[in-house]
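Here the structure comes first, spelled out in structure tokens, and everything after it is commentary.
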Amino acid sequence: MGRIEHIFIAPEKGAQVQAVPAVEAICECGLKSDRYSNDHDRKDVGQQVTLIEAEAIEKFVAETGLAMAMHEPRRNLVTRGIDLNSLLGKRFDVGE
């Protein structure tokens with residue numbers, strides 16, 4: 001079973017992302033206190049929450065030799081053990 005390892009939010013464009021232990025997901029809106037929860041900050045309705053696999057970050061580091069911390073890709077949810085590409089275009093649940 002996959003899991004979420006990190007949660008990051010940024011209150012506005014260009015702001016440093018903040019790691020949070022939990023966050024409220026608001027249906028059809030996004031993550032509370034994240035800039036993409038505001039309609040005027042999204043290019044379209046599909047940009048409510050962003051996800052990335054921890055394994056993809058680790059693979060990048062291993063293949064390039066460059067350092068990259070989990071927050072640097074600026075994605076909201078960093079997962080482990082989940083094939084995110086298989087979820088494209090599908091509705092799925094995260095957490096309870």
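Residue numbers start at 1 in each chain; chains themselves are named A, B, ... in the order of the structure tokens; ligands are numbered from 1 in the order shown.
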
Per-residue DSSP, range 48-81 of chain A, filtered to alpha helix (DSSP H), as a PyMOL selection string: chain A and resi 54-64

Keeping only N, CA and C atoms, write the selected residues as a tab-separated table (two decimals), in the first residue's frame.
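Once written, out22.tsv looks like this:
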chain	number	residue	atom	x	y	z
A	54	ALA	N	8.19	10.02	-4.43
A	54	ALA	CA	9.51	10.13	-3.80
A	54	ALA	C	10.54	9.35	-4.61
A	55	GLU	N	10.11	8.24	-5.17
A	55	GLU	CA	11.01	7.42	-5.97
A	55	GLU	C	11.52	8.17	-7.20
A	56	ALA	N	10.69	9.04	-7.78
A	56	ALA	CA	11.12	9.83	-8.95
A	56	ALA	C	12.18	10.84	-8.55
A	57	ILE	N	12.02	11.45	-7.39
A	57	ILE	CA	13.04	12.39	-6.90
A	57	ILE	C	14.34	11.65	-6.63
A	58	GLU	N	14.25	10.52	-5.97
A	58	GLU	CA	15.44	9.72	-5.66
A	58	GLU	C	16.13	9.23	-6.93
A	59	LYS	N	15.36	8.85	-7.93
A	59	LYS	CA	15.94	8.41	-9.21
A	59	LYS	C	16.68	9.56	-9.88
A	60	PHE	N	16.09	10.75	-9.86
A	60	PHE	CA	16.74	11.93	-10.43
A	60	PHE	C	18.09	12.16	-9.75
A	61	VAL	N	18.11	12.11	-8.43
A	61	VAL	CA	19.35	12.33	-7.67
A	61	VAL	C	20.39	11.27	-8.03
A	62	ALA	N	19.97	10.01	-8.09
A	62	ALA	CA	20.89	8.92	-8.40
A	62	ALA	C	21.45	9.03	-9.81
A	63	GLU	N	20.61	9.41	-10.76
A	63	GLU	CA	21.04	9.46	-12.16
A	63	GLU	C	21.85	10.69	-12.51
A	64	THR	N	21.61	11.81	-11.83
A	64	THR	CA	22.29	13.05	-12.18
A	64	THR	C	23.42	13.41	-11.23

Spatial neighbours of range 81-89 of chain A, 8 Å, only C-alpha atoms, chain gap at least 3 places, as a list of chain:residue names: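 The residues that qualify are A:Met1, A:Gly2, A:Arg3, A:Leu51, A:Ile52, A:Glu53, A:Phe92.
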
Neighbour list for Leu31 in chain A as a PyMOL selection string, cut-off 12 Å, only C-alpha atoms, skip fewer than 4 positions in-chain: chain A and resi 7-11+20+22-27+35-38+47-50+75-77

Using only C-alpha atoms: which of A:Ile4, A:Gln18, A:Lys90, A:Ser33 has the shortest distance to Glu72 in chain A: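 Checking each of A:Ile4, A:Gln18, A:Lys90, A:Ser33 against Glu72 in chain A, counting only C-alpha atoms, the winner is A:Gln18.
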
Between CA of Glu28 in chain A and CA of Asp93 in chain A, distance in Å (one decimal):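 That distance, rounded to one decimal, is 13.4 Å.
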
Residues flagged strand (DSSP E) by DSSP in chain A, as a list in words: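 Answer for chain A restricted to strand (DSSP E) is Arg3, Ile4, Glu5, His6, Ile7, Phe8, Ile9, Gln18, Ala19, Ala25, Ile26, Gly30, Leu31, Leu51, Ile52, Glu53, Leu77, Val78, Thr79 and Arg80 of chain A.
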
Between CA of Asp41 in chain A and CA of Glu5 in chain A - distance in Å to one decimal: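 Atom-to-atom, CA of Glu5 in chain A and CA of Asp41 in chain A are spaced 25.5 Å apart.
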